[in-house]
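Asker: Quick one: this structure, given as structure tokens, is what I'll be asking you about.
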Amino acid sequence: QIAVALIAYLLLKLAKDAAATVDGTLAFARLIRANLMQRRDIDRLLKPPPIPQRDLRQLALQLDRS
């Protein structure tokens with residue numbers, strides 16, 4: 001377990017040094033833990049994901065209750 005913890009710490013430290021998005025190692029670990037299952041670049045984790053473009057060829061539902 002100690003070896004796994006050391007490897008995880010070293011991987012986090014290397015990723016933090018490569019990305020340089022957050023100042024502290026603990027803050028970077030929290031950022032990674034919160035976004036672990038999202039497939040985005042590390043340097044884009046602090047920015048919200050882009051809004052997908054609407055395809056005008058697709059029909060849209062009008063759900064107003066008037």
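Residue names in the structure tokens use chain letters A, B, ... in the order shown, residue numbers from 1 in each chain, and ligand numbers from 1 in the order shown.
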I need the residues of chain A that end up classed as helix (DSSP H, G or I) by DSSP on the backbone, written out as an NGL selection string.
Answerer: :A and (2-19 or 25-34 or 42-44)
Asker: Fewer than 6 positions away in the same chain doesn't count, so skip those; otherwise give me all residues within 12 Å of Lys13 in chain A, counting only C-alpha atoms, as a list in words.
Answerer: Leu6, Ile7, Ala19, Ala20, Val22, Asp23, Gly24, Thr25, Leu26, Ala27, Phe28, Ala29 and Ile32 of chain A
Asker: Between CA of Ala5 in chain A and CA of Thr21 in chain A, what is the spacing in Å?
Answerer: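 Taking CA of Thr21 in chain A as the start and CA of Ala5 in chain A as the end point, the length is 22.6 Å.
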